[in-house]
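**Student:** One structure follows; several queries about it will come next.
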Amino acid sequence: MSRKPVDITVPDLSGKRAVITGASDGIGLGLATRLSSAGAEVLLPVRNQRKGEVAIGRIREEVPEADVSLHALDLSSLDSVSGLGEQLRQDGRPINILINNAGVMTPPDRQATADGLELQFGTNHLGHFALVAELLPLLRAGRARVTSQISVAANQNGINWQDLNWERGYDGMKAYSQSKIAFGLFGLELDRRSRAGGWGITSNLSHPGVAPTNLLAARPEVGRDKETAGRKLIKAFSARGIILGTVETATLPALLAATSPDAEGGQFYGPSGLGHLGGPPAEQKVYSRLRSAADAQRIWNASQELTRTSFPAG
């Protein structure tokens, strides 16, 4: 089945400084390449220096004049998050775009971060929560657009309020859903608090649909030595242009949310095709699990406590 080309126009980003987590491959690398091509200075905070260097090379193959640099960041370590925050605050340059894209998915057994937090909750949500807190002065100075990448999994399961760190009865998929629900609640609450407190930040959400990214590939570091059966099926459907997207089209919702003059804070962007699994990016209805302001405040407060960070009152 032939696939119709899908793309969006990215505005001129000359003079803008952008930070993208998880940009050493997949969707994040695509985002970094597109923002570099539009003239932005792009910072790639990465855990794996070697992969980061390869990513820089690939970006410069497509955009020889790219202004792109590597920085060390392990979102599963709050000390690492703090270290990057201190480094960039000392640099003192405003940040105009932050795309919170990095993530891990469904380790077969429960794993913990360096701080003893369940790996998916600690990396996908709490690591990014702490990063935004660390970078808040620079985000405010740059009147930043903050886009947080969630998942269709945020429309499933729920938050395990009695055991946020899944110390009992670990379920990898439910823990993944929780991490993305919490992250989505945070992204929307960030926009509300920015509006109320006059922080000057706009915060929105995106999701990539379903595409053959490396989330479900072999990941020895999370205890998975081969790609999942689900990823094999996703690759097959994607290659045939059936319902699902490609890595390239999966990049577009976050690209739209982070750069379009028409994208707004407090909104949600994803593929507009069948089941919102693939197709052109567009604004979407916020998932039911992300609509409770009370839940957003509750996860915000719990996240401040767990990460030992704080935001201005609001």
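Each chain in the structure tokens gets a letter, A, B and so on, in the order shown; residues start at 1 in every chain, and ligands are counted from 1 in the order they appear.
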Could you give me, as an NGL selection string, the residues within 10 Å of Gly209 of chain A, counting only C-alpha atoms and dropping anything in the same chain fewer than 2 positions from it?
**Tutor:** :A and (150-153 or 206-207 or 211 or 244-247 or 249-251 or 253 or 270-273 or 275-279 or 281)
**Student:** Report the residues of segment 67-250 of chain A whose backbone DSSP state falls under helix (DSSP H, G or I), written as a VMD selection string.
**Tutor:** chain A and resid 78 to 91 119 to 141 152 to 155 172 to 197 214 to 216 220 to 222 229 to 239 247 to 250
**Student:** Among segment 7-247 of chain A, which ones does DSSP place in strand (DSSP E or B), written as a PyMOL selection string?
**Tutor:** chain A and resi 17-20+41-46+67-72+97-100+112+118+145-149+202-206+219+224
**Student:** Please list as a list of chain:residue names every residue within 12 Å of Gly197 of chain A, counting only C-alpha atoms and excluding residues in the same chain fewer than 6 positions away.
**Tutor:**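 Neighbouring residues, sequence-local ones excluded: A:Arg140, A:Glu189, A:Leu190, A:Asp191, A:Phe311, A:Pro312, A:Ala313, A:Gly314.
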**Student:** At most 6 Å is the cut-off: for each residue in segment 116-150 of chain A with any atom that close to an atom of segment 70-90 of chain A, write down the nearest atom pair and the distance in Å rounded to one decimal, counting only C-alpha atoms, chain first then increasing number, as a tab-separated table.
**Tutor:**
residue	atom	partner	partner_atom	distance
A:Gly122	CA	A:Ser76	CA	6.0
A:Thr123	CA	A:Ser76	CA	4.8
A:Gly127	CA	A:Leu75	CA	4.7
A:Leu131	CA	A:Val81	CA	5.8
A:Glu134	CA	A:Gly85	CA	5.0
A:Leu135	CA	A:Gly85	CA	5.7
